[in-house]
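Novice: protein.cif (mmCIF, C-alpha atoms) pasted underneath:
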```
data_run
loop_
_atom_site.label_atom_id
_atom_site.label_comp_id
_atom_site.auth_asym_id
_atom_site.auth_seq_id
_atom_site.Cartn_x
_atom_site.Cartn_y
_atom_site.Cartn_z
CA MET T 1 26.48 29.30 3.48
CA THR T 2 29.48 28.58 1.29
CA ARG T 3 29.07 26.08 -1.51
CA PRO T 4 29.61 22.46 -0.39
CA THR T 5 32.69 20.70 -1.70
CA CYS T 6 31.58 18.46 -4.53
CA GLY T 7 32.59 14.83 -4.78
CA GLY T 8 34.06 12.74 -1.98
CA LEU T 9 34.51 9.09 -1.18
CA GLY T 10 31.51 7.60 -2.97
CA LEU T 11 30.08 4.21 -2.12
CA GLY T 12 29.89 1.37 -4.60
CA SER T 13 26.72 -0.08 -6.06
CA PRO T 14 24.28 -1.35 -3.40
CA VAL T 15 23.35 -4.29 -5.64
CA MET T 16 25.14 -7.38 -4.40
CA SER T 17 27.08 -9.19 -7.09
CA LEU T 18 26.89 -12.94 -7.40
CA TRP T 19 30.58 -13.16 -6.51
CA SER T 20 29.92 -11.25 -3.30
CA ALA T 21 27.11 -13.67 -2.42
CA ILE T 22 29.46 -16.60 -3.03
CA SER T 23 32.12 -15.15 -0.74
CA ILE T 24 29.60 -14.35 2.01
CA VAL T 25 27.93 -17.78 2.05
CA VAL T 26 31.18 -19.74 1.78
CA GLY T 27 32.77 -17.43 4.36
CA ALA T 28 29.84 -17.99 6.72
CA VAL T 29 30.18 -21.78 6.41
CA LEU T 30 33.92 -21.59 7.13
CA ALA T 31 33.36 -19.13 10.00
CA VAL T 32 30.86 -21.43 11.69
CA TYR T 33 33.24 -24.33 11.39
CA GLY T 34 36.08 -22.16 12.67
CA LEU T 35 34.06 -21.04 15.70
CA LEU T 36 33.12 -24.61 16.50
CA THR T 37 36.73 -25.80 16.35
CA ALA T 38 37.89 -22.79 18.38
CA PHE T 39 35.35 -22.98 21.22
CA VAL T 40 34.74 -26.72 21.10
CA PRO T 41 38.18 -28.32 20.67
CA GLN T 42 36.63 -31.75 20.42
CA THR T 43 34.66 -30.74 17.31
CA SER T 44 37.19 -32.05 14.79
CA SER T 45 37.74 -35.37 16.52
CA ILE T 46 34.02 -35.84 17.17
CA ALA T 47 33.18 -34.99 13.58
CA SER T 48 35.88 -37.33 12.35
CA THR T 49 34.63 -40.20 14.52
CA ILE T 50 31.00 -39.66 13.47
CA ALA T 51 31.99 -39.36 9.84
CA LYS T 52 33.91 -42.61 9.95
CA GLN T 53 30.94 -44.40 11.51
CA ILE T 54 28.53 -42.87 9.00
CA VAL T 55 30.82 -43.72 6.11
CA GLY T 56 31.12 -47.26 7.28
CA GLU T 57 27.36 -47.69 7.48
CA LEU T 58 26.30 -45.61 4.50
CA GLU T 59 28.82 -47.25 2.19
CA LYS T 60 26.99 -50.47 2.80
CA ASP T 61 23.53 -48.95 2.64
CA PHE T 62 22.32 -45.58 1.37
CA ALA T 63 25.25 -44.29 -0.71
CA THR T 64 25.96 -47.71 -2.20
CA ALA T 65 22.31 -48.14 -3.13
CA ILE T 66 22.16 -44.72 -4.78
CA LEU T 67 25.32 -45.30 -6.79
CA ASN T 68 24.20 -48.76 -7.84
CA ILE T 69 21.01 -47.21 -9.25
CA PHE T 70 23.15 -45.11 -11.55
CA GLY T 71 25.47 -47.96 -12.45
CA VAL T 72 28.50 -47.02 -10.33
CA ASP T 73 30.54 -50.00 -9.13
CA VAL T 74 31.37 -49.72 -5.42
CA ASN T 75 34.30 -52.11 -5.18
CA LEU T 76 36.81 -49.29 -4.64
CA THR T 77 37.53 -48.11 -1.10
CA PHE T 78 38.81 -44.81 0.18
CA THR T 79 41.97 -45.40 2.23
CA SER T 80 43.94 -42.24 1.29
CA TRP T 81 43.99 -39.41 -1.23
CA PHE T 82 45.84 -41.81 -3.52
CA ALA T 83 42.87 -44.17 -3.54
CA ALA T 84 39.59 -43.77 -5.37
CA PRO T 85 36.68 -41.93 -3.66
CA THR T 86 34.22 -44.08 -1.76
CA PRO T 87 30.49 -44.17 -2.57
CA PHE T 88 29.67 -42.04 0.47
CA PHE T 89 32.29 -39.45 -0.44
CA ILE T 90 30.95 -39.23 -4.00
CA VAL T 91 27.35 -38.71 -2.86
CA ALA T 92 28.29 -36.33 -0.05
CA THR T 93 30.46 -34.02 -2.16
CA ILE T 94 27.88 -33.73 -4.94
CA VAL T 95 25.04 -33.11 -2.46
CA VAL T 96 27.01 -30.49 -0.49
CA ALA T 97 28.10 -28.71 -3.67
CA ALA T 98 24.54 -28.54 -4.96
CA LEU T 99 23.09 -27.36 -1.65
CA ILE T 100 25.71 -24.65 -1.13
CA THR T 101 25.12 -23.39 -4.68
CA ALA T 102 21.38 -23.28 -4.03
CA ALA T 103 21.97 -21.36 -0.79
CA ILE T 104 24.17 -18.84 -2.64
CA MET T 105 21.54 -18.21 -5.34
CA ILE T 106 18.76 -17.81 -2.77
CA PHE T 107 20.83 -15.50 -0.55
CA TRP T 108 21.85 -13.37 -3.56
CA ALA T 109 18.26 -12.91 -4.72
CA TRP T 110 16.68 -12.08 -1.34
CA SER T 111 19.51 -9.82 -0.17
CA ASN T 112 19.14 -7.68 -3.28
CA TRP T 113 15.36 -7.65 -2.95
CA LEU T 114 15.69 -6.37 0.62
CA THR T 115 18.18 -3.67 -0.45
CA LEU T 116 15.94 -2.55 -3.30
CA CYS T 117 12.51 -2.66 -1.68
CA GLY T 118 13.07 -2.84 2.05
CA SER T 119 12.31 0.10 4.31
CA PRO T 120 14.74 3.00 3.72
CA ILE T 121 17.15 4.19 6.39
CA PHE T 122 15.35 6.29 8.99
CA GLY T 123 16.31 9.90 8.30
CA LYS T 124 14.86 13.37 8.66
CA MET T 125 12.00 15.10 6.92
CA ALA T 126 13.29 17.37 4.16
CA CYS T 127 11.86 19.71 1.54
CA ILE T 128 13.88 20.96 -1.43
CA THR T 129 13.21 23.07 -4.51
CA GLY T 130 15.22 23.11 -7.71
CA VAL T 131 15.46 21.88 -11.30
CA VAL T 132 15.66 18.29 -12.52
CA ASN T 133 19.13 17.76 -13.96
CA ASP T 134 19.02 14.02 -14.63
CA VAL T 135 16.39 11.29 -14.76
CA VAL T 136 16.95 7.55 -14.40
CA GLY T 137 13.97 5.30 -15.03
CA ALA T 138 13.40 1.90 -13.47
CA PHE T 139 14.98 -1.16 -15.13
CA ASP T 140 17.80 1.05 -16.41
CA THR T 141 20.02 -1.90 -17.32
CA ALA T 142 19.41 -5.04 -19.37
CA HIS T 143 20.21 -7.36 -16.47
CA SER T 144 17.64 -5.64 -14.25
CA VAL T 145 14.92 -6.49 -16.76
CA LEU T 146 15.92 -10.16 -16.61
CA PHE T 147 16.64 -10.34 -12.88
CA GLY T 148 14.28 -7.92 -11.16
CA PHE T 149 16.15 -7.96 -7.84
CA THR T 150 19.23 -6.39 -9.50
CA GLY T 151 17.22 -3.36 -10.64
CA ASN T 152 16.89 0.21 -9.44
CA GLN T 153 14.15 2.52 -8.25
CA PRO T 154 13.28 5.53 -10.47
CA ARG T 155 15.43 8.55 -9.64
CA ALA T 156 15.59 12.26 -10.39
CA ASP T 157 18.68 14.31 -9.52
CA VAL T 158 17.65 17.86 -8.57
CA VAL T 159 19.99 20.84 -8.67
CA VAL T 160 18.84 22.76 -5.61
CA LYS T 161 18.78 26.48 -4.88
CA SER T 162 21.67 27.65 -2.72
CA ILE T 163 19.42 28.14 0.31
CA TYR T 164 19.06 24.33 0.43
CA TRP T 165 22.79 23.61 0.51
CA PRO T 166 22.63 22.93 4.28
CA ILE T 167 20.40 19.94 3.44
CA VAL T 168 22.99 18.69 0.95
CA VAL T 169 25.62 18.42 3.71
CA GLN T 170 23.35 17.63 6.65
CA ASP T 171 24.91 15.01 8.94
CA SER T 172 28.13 15.15 6.87
CA PRO T 173 27.56 12.59 4.10
CA ASN T 174 30.69 11.10 2.57
CA PHE T 175 29.71 12.23 -0.93
CA VAL T 176 28.18 15.36 -2.47
CA LEU T 177 26.64 14.98 -5.91
CA CYS T 178 27.03 18.02 -8.19
CA ALA T 179 26.06 18.95 -11.73
CA ALA T 180 28.84 19.90 -14.16
CA CYS T 181 29.89 23.52 -14.64
CA ASP T 182 29.14 23.83 -18.37
CA ASN T 183 26.31 26.35 -17.98
CA CYS T 184 27.60 28.27 -14.96
CA SER T 185 29.13 31.73 -15.32
CA SER T 186 32.83 32.08 -14.60
CA SER T 187 32.08 33.73 -11.26
CA ASP T 188 30.16 30.63 -10.15
CA ILE T 189 32.87 28.13 -11.06
CA PRO T 190 35.16 27.00 -8.20
CA SER T 191 38.93 26.80 -8.52
CA ASP T 192 38.69 23.03 -9.00
CA PRO T 193 35.58 22.28 -11.07
CA ALA T 194 36.43 18.62 -11.73
CA ASP T 195 33.63 17.32 -9.47
CA GLY T 196 31.02 19.86 -10.58
CA CYS T 197 29.59 23.21 -9.55
CA SER T 198 25.96 22.83 -8.55
CA PRO T 199 25.02 20.60 -5.58
CA GLU T 200 22.23 18.11 -6.22
CA ILE T 201 19.84 16.06 -4.13
CA PRO T 202 19.03 12.65 -5.70
CA CYS T 203 15.34 11.83 -5.24
CA LEU T 204 14.35 8.16 -5.25
CA TYR T 205 10.78 7.09 -5.99
CA HIS T 206 9.38 3.83 -4.65
CA ASP T 207 7.94 1.94 -7.60
CA SER T 208 5.61 -1.03 -7.10
CA LYS T 209 6.51 -2.46 -10.51
CA VAL T 210 10.19 -2.61 -9.55
CA CYS T 211 9.36 -4.31 -6.26
CA ALA T 212 6.92 -6.75 -7.90
CA ALA T 213 9.63 -7.75 -10.37
CA ALA T 214 12.21 -8.04 -7.58
CA LEU T 215 9.91 -10.16 -5.42
CA GLY T 216 8.93 -12.35 -8.36
CA GLY T 217 12.58 -12.79 -9.29
CA ALA T 218 13.55 -13.74 -5.73
CA ILE T 219 10.71 -16.27 -5.46
CA GLY T 220 11.57 -17.68 -8.89
CA ALA T 221 15.24 -17.98 -7.97
CA THR T 222 14.33 -19.80 -4.74
CA ILE T 223 12.08 -22.31 -6.49
CA GLY T 224 14.62 -22.71 -9.28
CA ALA T 225 17.47 -23.28 -6.82
CA ALA T 226 15.49 -25.98 -4.99
CA VAL T 227 14.52 -27.77 -8.22
CA GLY T 228 18.02 -27.28 -9.61
CA ALA T 229 19.59 -28.81 -6.50
CA VAL T 230 17.57 -32.00 -6.95
CA LEU T 231 18.33 -32.17 -10.67
CA GLY T 232 21.99 -31.32 -10.11
CA ILE T 233 22.44 -34.07 -7.52
CA ILE T 234 20.80 -36.64 -9.77
CA ALA T 235 22.80 -35.54 -12.80
CA GLY T 236 26.11 -35.49 -10.92
CA ILE T 237 25.67 -38.99 -9.53
CA ALA T 238 24.43 -40.29 -12.89
CA LEU T 239 27.51 -38.82 -14.56
CA MET T 240 29.76 -40.77 -12.22
CA GLY T 241 28.10 -43.97 -13.41
CA ALA T 242 28.02 -42.99 -17.07
CA LEU T 243 31.74 -42.23 -17.18
CA GLY T 244 32.64 -45.53 -15.49
CA CYS T 245 34.42 -44.21 -12.42
CA GLY T 246 33.46 -47.32 -10.52
CA LEU T 247 35.45 -49.72 -12.69
CA THR T 248 38.25 -51.27 -10.65
CA THR T 249 40.62 -50.94 -13.58
CA VAL T 250 40.22 -47.20 -13.91
CA LEU T 251 43.13 -45.00 -12.87
CA VAL T 252 42.59 -43.42 -9.47
CA TRP T 253 43.41 -39.88 -10.63
CA ALA T 254 40.89 -40.25 -13.47
CA CYS T 255 38.19 -41.14 -10.95
CA TRP T 256 38.89 -37.96 -8.97
CA LEU T 257 38.82 -35.96 -12.20
CA ILE T 258 35.44 -37.45 -13.11
CA LEU T 259 34.13 -36.55 -9.65
CA LEU T 260 35.30 -32.96 -10.17
CA VAL T 261 33.44 -32.83 -13.48
CA ALA T 262 30.32 -34.25 -11.82
CA ILE T 263 30.48 -31.56 -9.11
CA ILE T 264 30.84 -28.81 -11.73
CA VAL T 265 27.87 -30.21 -13.65
CA ALA T 266 25.75 -30.26 -10.47
CA ILE T 267 26.71 -26.68 -9.62
CA ALA T 268 26.01 -25.49 -13.17
CA ILE T 269 22.56 -27.09 -13.22
CA VAL T 270 21.59 -25.48 -9.91
CA ALA T 271 22.78 -22.04 -11.06
CA VAL T 272 21.15 -22.22 -14.49
CA VAL T 273 17.78 -23.46 -13.19
CA ALA T 274 17.82 -20.78 -10.46
CA LEU T 275 18.57 -18.05 -13.03
CA VAL T 276 15.81 -19.30 -15.31
CA GLY T 277 13.43 -19.24 -12.36
CA ALA T 278 14.51 -15.67 -11.57
CA ILE T 279 13.89 -14.59 -15.17
CA VAL T 280 10.42 -16.13 -15.22
CA GLY T 281 9.54 -14.71 -11.81
CA SER T 282 10.74 -11.22 -12.76
CA ALA T 283 8.69 -11.26 -15.95
CA VAL T 284 5.56 -12.34 -14.06
CA GLY T 285 6.12 -9.62 -11.46
CA GLN T 286 6.47 -6.90 -14.10
CA ALA T 287 3.42 -8.15 -15.99
CA THR T 288 1.19 -8.12 -12.92
CA SER T 289 2.07 -4.55 -11.89
CA GLY T 290 0.82 -1.55 -13.82
CA ALA T 291 2.85 1.09 -11.98
CA SER T 292 4.90 3.79 -13.70
CA SER T 293 8.62 3.19 -14.12
CA SER T 294 9.54 6.88 -14.20
CA PRO T 295 10.38 9.21 -11.30
CA GLY T 296 7.41 11.32 -10.29
CA GLY T 297 4.81 8.56 -10.55
CA SER T 298 1.64 9.67 -12.31
CA SER T 299 3.33 12.96 -13.34
CA PRO T 300 6.70 11.80 -14.73
CA LEU T 301 9.56 14.24 -14.29
CA THR T 302 11.65 15.33 -17.27
CA LEU T 303 14.90 17.23 -17.64
CA GLY T 304 14.45 20.89 -16.77
CA THR T 305 11.32 20.46 -14.65
CA TYR T 306 11.13 22.86 -11.72
CA VAL T 307 10.02 20.90 -8.66
CA THR T 308 9.48 20.92 -4.95
CA ILE T 309 10.04 17.49 -3.41
CA THR T 310 9.53 16.38 0.18
CA GLY T 311 10.37 13.10 1.82
CA ASN T 312 12.74 11.13 4.02
CA LEU T 313 16.32 12.46 3.79
CA ALA T 314 19.13 9.97 4.40
CA SER T 315 22.55 9.04 3.08
CA ALA T 316 21.68 6.57 0.34
CA PRO T 317 24.03 3.89 -1.03
CA GLN T 318 22.02 4.08 -4.28
CA ALA T 319 23.42 7.62 -4.65
CA SER T 320 27.03 6.82 -3.73
CA GLY T 321 26.33 7.78 -0.13
CA ALA T 322 25.07 11.29 -0.90
CA ASN T 323 22.13 12.74 0.99
CA ALA T 324 19.00 11.78 -0.94
CA ILE T 325 15.23 11.98 -0.65
CA TRP T 326 14.65 8.28 0.00
CA PHE T 327 11.79 7.91 -0.86
CA ALA T 328 9.92 10.95 -2.21
CA GLY T 329 6.61 11.25 -0.38
CA TRP T 330 7.69 8.92 2.45
CA VAL T 331 7.80 10.41 5.93
CA PRO T 332 10.06 9.47 8.87
CA ASN T 333 7.90 8.85 11.93
CA ALA T 334 9.77 9.80 15.10
CA ALA T 335 7.35 7.83 17.28
CA THR T 336 7.88 4.52 15.48
CA GLN T 337 11.39 5.22 14.13
CA LYS T 338 10.17 3.97 10.77
CA VAL T 339 9.75 5.59 7.38
CA GLU T 340 6.10 5.49 6.34
CA ASP T 341 4.66 5.57 2.83
CA GLN T 342 2.30 8.53 2.53
CA THR T 343 2.51 8.94 -1.24
CA ALA T 344 -1.22 8.29 -1.69
CA SER T 345 -2.07 11.46 0.21
CA ASN T 346 0.75 13.77 -0.89
CA SER T 347 1.16 13.12 -4.66
CA SER T 348 4.44 11.29 -4.08
CA GLY T 349 5.75 14.36 -2.29
CA THR T 350 6.26 16.11 -5.62
CA SER T 351 4.93 19.45 -6.91
CA ILE T 352 5.76 20.59 -10.44
CA LEU T 353 6.41 24.33 -10.58
CA GLY T 354 7.24 24.87 -14.23
CA GLN T 355 9.83 24.16 -16.92
CA SER T 356 13.27 25.60 -17.49
CA LEU T 357 14.18 27.02 -20.90
CA GLY T 358 17.79 25.99 -20.36
CA THR T 359 19.54 22.70 -20.98
CA PRO T 360 21.42 20.39 -18.62
CA PRO T 361 23.75 20.44 -16.86
CA PHE T 362 21.93 23.16 -14.95
CA CYS T 363 23.66 25.72 -12.75
CA PHE T 364 22.19 26.41 -9.31
CA THR T 365 21.48 29.96 -10.47
CA ASP T 366 18.83 28.69 -12.92
CA PRO T 367 16.18 27.73 -10.32
CA GLU T 368 17.15 30.69 -8.13
CA GLU T 369 16.44 33.15 -10.94
CA ASN T 370 13.41 31.47 -12.50
CA ILE T 371 11.31 29.95 -9.71
CA PRO T 372 9.05 32.63 -8.18
CA ALA T 373 9.48 32.95 -4.43
CA ALA T 374 5.73 32.52 -3.98
CA LEU T 375 5.94 29.00 -5.44
CA ASP T 376 8.76 27.87 -3.19
CA VAL T 377 6.91 26.69 -0.09
CA CYS T 378 9.76 24.80 1.55
CA PRO T 379 10.96 26.16 4.89
CA VAL T 380 14.42 27.71 4.71
CA PRO T 381 16.85 25.33 6.47
CA SER T 382 19.25 26.57 9.11
CA PRO T 383 22.75 27.20 7.71
#
```
Please re-express this file's structure in structure tokens.
Specialist:
Amino acid sequence: MTRPTCGGLGLGSPVMSLWSAISIVVGAVLAVYGLLTAFVPQTSSIASTIAKQIVGELEKDFATAILNIFGVDVNLTFTSWFAAPTPFFIVATIVVAALITAAIMIFWAWSNWLTLCGSPIFGKMACITGVVNDVVGAFDTAHSVLFGFTGNQPRADVVVKSIYWPIVVQDSPNFVLCAACDNCSSSDIPSDPADGCSPEIPCLYHDSKVCAAALGGAIGATIGAAVGAVLGIIAGIALMGALGCGLTTVLVWACWLILLVAIIVAIAIVAVVALVGAIVGSAVGQATSGASSSPGGSSPLTLGTYVTITGNLASAPQASGANAIWFAGWVPNAATQKVEDQTASNSSGTSILGQSLGTPPFCFTDPEENIPAALDVCPVPSP
């Protein structure tokens, strides 16, 4: 077949940023409220009535008692936005801010853990042969060492022989990864070589150390967020008392400003304690797992290694949406529609065939000319 067109509309990083988690959680809260007000028109009036009753009671009981513990005078009443906040409003806003922050941190950690170590997309069984053009080990970035759930699985990008190009474009992925043209002859260079010359298949390896760190980080973040929420609420309310917001002589706008500061302090405490918990949990997870952090498992792959790799083929967000072996050695089971780990019985789906004498970036002609046909046991795919 003709050479696939390199490049395309690549996907962004599959790792969810903290800002994305914030927008999702806050958006979900607003969406739920919006649905309630849309389908239950009485929601706003009911909520307002209940809130007024609760405020009236709690000002005299729970909220007032809490604020008195921290030295906040409760003589001021909330009659409009030009009046000082009531005791109930102070407690409620600090509690809600702390709890939403905790929910964001927990959602961020577990969503990334699921993306990193959850079952891969159900694809098709594939077998490819070629030369390793690039290797990315686990914990490739500094932040992934600290926060295990933001990490990456070990990966080897394999320049495949031209007979495997149909696998590269199977099911029309939105991106085709290609090695640069530096070492290709002029006859093998396309008219527009900007996106590369030699199609590659990224091969992801499931690493237990990565997943142990991710799980530990997610658990640590959850515990930290819960502890941080309690500490943040206490600190925020205590700050209101320490700064004297309850004094009847204080300017109203200053009281609102102090409340804003107290909310920020509560949020910061929750976030910091959750991050510290994630760091500790990630470190414990890494320490308790002795797995390799390099692609290939017990036989780490290096640049220029000739390989045959089998596994589940699917469009992987970790590879910008390109078709990838995700994971090497894992097999899609048509009966269960799940991808099953069979690495223990198939050497992680990887066979080392030799070593190239060339240097990366490799041209597709390198494995074609240097891997003996007898060693290439993959079935030839249909064009």
Novice: Apply the PyMOL selection byres ((chain T and resi 180-197) around 7) to the structure shown and report the selected residues as a ChimeraX atom specification.
Specialist: /T:6-7,178-179,198-199,361-363
Novice: For this file, the PyMOL selection byres ((chain T and resi 380) around 10) selects which residues, as a VMD selection string?
Specialist: chain T and resid 127 to 128 163 to 164 166 to 167 376 to 379 381 to 383
Novice: Residues within 7 Å of segment 152-158 of chain T, please, as a PDB file with C-alpha atoms, in the coordinates of the input. Count all atoms listed in the file; anything in the same chain fewer than 4 positions from it doesn't count.
Specialist:
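Okay, selection.pdb is ready:
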```pdb
ATOM      1  CA  LEU T 116      15.940  -2.550  -3.300  1.00  0.00           C
ATOM      2  CA  GLY T 130      15.220  23.110  -7.710  1.00  0.00           C
ATOM      3  CA  VAL T 131      15.460  21.880 -11.300  1.00  0.00           C
ATOM      4  CA  VAL T 132      15.660  18.290 -12.520  1.00  0.00           C
ATOM      5  CA  ASN T 133      19.130  17.760 -13.960  1.00  0.00           C
ATOM      6  CA  ASP T 134      19.020  14.020 -14.630  1.00  0.00           C
ATOM      7  CA  VAL T 135      16.390  11.290 -14.760  1.00  0.00           C
ATOM      8  CA  VAL T 136      16.950   7.550 -14.400  1.00  0.00           C
ATOM      9  CA  GLY T 137      13.970   5.300 -15.030  1.00  0.00           C
ATOM     10  CA  ALA T 138      13.400   1.900 -13.470  1.00  0.00           C
ATOM     11  CA  PHE T 139      14.980  -1.160 -15.130  1.00  0.00           C
ATOM     12  CA  GLU T 200      22.230  18.110  -6.220  1.00  0.00           C
ATOM     13  CA  ILE T 201      19.840  16.060  -4.130  1.00  0.00           C
ATOM     14  CA  PRO T 202      19.030  12.650  -5.700  1.00  0.00           C
ATOM     15  CA  CYS T 203      15.340  11.830  -5.240  1.00  0.00           C
ATOM     16  CA  LEU T 204      14.350   8.160  -5.250  1.00  0.00           C
ATOM     17  CA  TYR T 205      10.780   7.090  -5.990  1.00  0.00           C
ATOM     18  CA  HIS T 206       9.380   3.830  -4.650  1.00  0.00           C
ATOM     19  CA  ASP T 207       7.940   1.940  -7.600  1.00  0.00           C
ATOM     20  CA  VAL T 210      10.190  -2.610  -9.550  1.00  0.00           C
ATOM     21  CA  SER T 293       8.620   3.190 -14.120  1.00  0.00           C
ATOM     22  CA  SER T 294       9.540   6.880 -14.200  1.00  0.00           C
ATOM     23  CA  PRO T 295      10.380   9.210 -11.300  1.00  0.00           C
TER      24      PRO T 295
END
```
Novice: List as a list in words the protein and nucleic acid residues near Ala103 of chain T, meaning an atom at most 12 Å away when only C-alpha atoms are counted, but skip any in the same chain fewer than 6 places from it.
Specialist: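 So, after excluding close chain neighbours, the residues are Leu18, Ala21, Ile22, Ser23, Ile24, Val25, Val26, Ala28, Val29, Val96, Ala97, Ala109, Trp110, Ser111, Ala221, Thr222, Ile223, Gly224, Ala225, Ala226, Gly228, Ala229, Ile267, Val270, Ala271 and Ala274 of chain T.
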Novice: To test your reading of the syntax: which residues would the PyMOL selection byres ((chain T and resi 278) around 7) return for the file shown? Reply as a PyMOL selection string.
Specialist: chain T and resi 147+217-218+220-221+274-277+279-282
Novice: Between atom CA of Val169 of chain T and atom CA of Thr310 of chain T, what is the distance in Å, rounded to a tenth?
Specialist: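 Separation between atom CA of Val169 of chain T and atom CA of Thr310 of chain T: 16.6 Å.
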Novice: In Å to one decimal, how far is atom CA of Pro173 of chain T from atom CA of Ala328 of chain T?
Specialist: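 Computing it gives 18.8 Å between the two atoms.
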Novice: Between T:Val160, T:Leu215, T:Leu114, T:Cys255, which residue has the minimum interatomic distance to Thr308 of chain T, considering only C-alpha atoms?
Specialist: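 That would be T:Val160, the residue with the smallest distance to Thr308 of chain T.
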Novice: Let me make sure I understand: among T:Val284, T:Val339, T:Val159, T:Ile237, which one has the smallest atom-to-atom distance to Ala314 of chain T if we use only C-alpha atoms?
Specialist: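 Distance minimum relative to Ala314 of chain T lands on T:Val339.
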Novice: Between atom CA of Ser144 of chain T and atom CA of Gly321 of chain T, what is the distance in Å, rounded to a tenth?
Specialist: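 The value is 21.3 Å.
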Novice: Using all atoms listed in the file, find the one residue out of T:Pro120, T:Gly304, T:Gly216, T:Gly241 that sits nearest to Pro360 of chain T.
Specialist: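 Between T:Pro120, T:Gly304, T:Gly216, T:Gly241, the residue approaching Pro360 of chain T most closely is T:Gly304.
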Novice: Kindly indicate which residue among T:Ile104, T:Gln337, T:Ser208, T:Gly358 lies nearest to Gly27 of chain T, using all atoms listed in the file for the distances.
Specialist: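 Among T:Ile104, T:Gln337, T:Ser208, T:Gly358, it is T:Ile104 that comes nearest to Gly27 of chain T.
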Novice: Identify which of the residues T:Val32, T:Ala324, T:Leu146, T:Leu301 lies closest to Ser351 of chain T, counting all atoms listed in the file when measuring atom-to-atom distances.
Specialist: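 Closest candidate: T:Leu301.
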Novice: For each of T:Ser172, T:Gly148, T:Ile263, T:Met16, take the minimum atom-to-atom distance to Val95 of chain T, counting all atoms listed in the file, then give the residue where this is smallest.
Specialist: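 Distance minimum relative to Val95 of chain T lands on T:Ile263.
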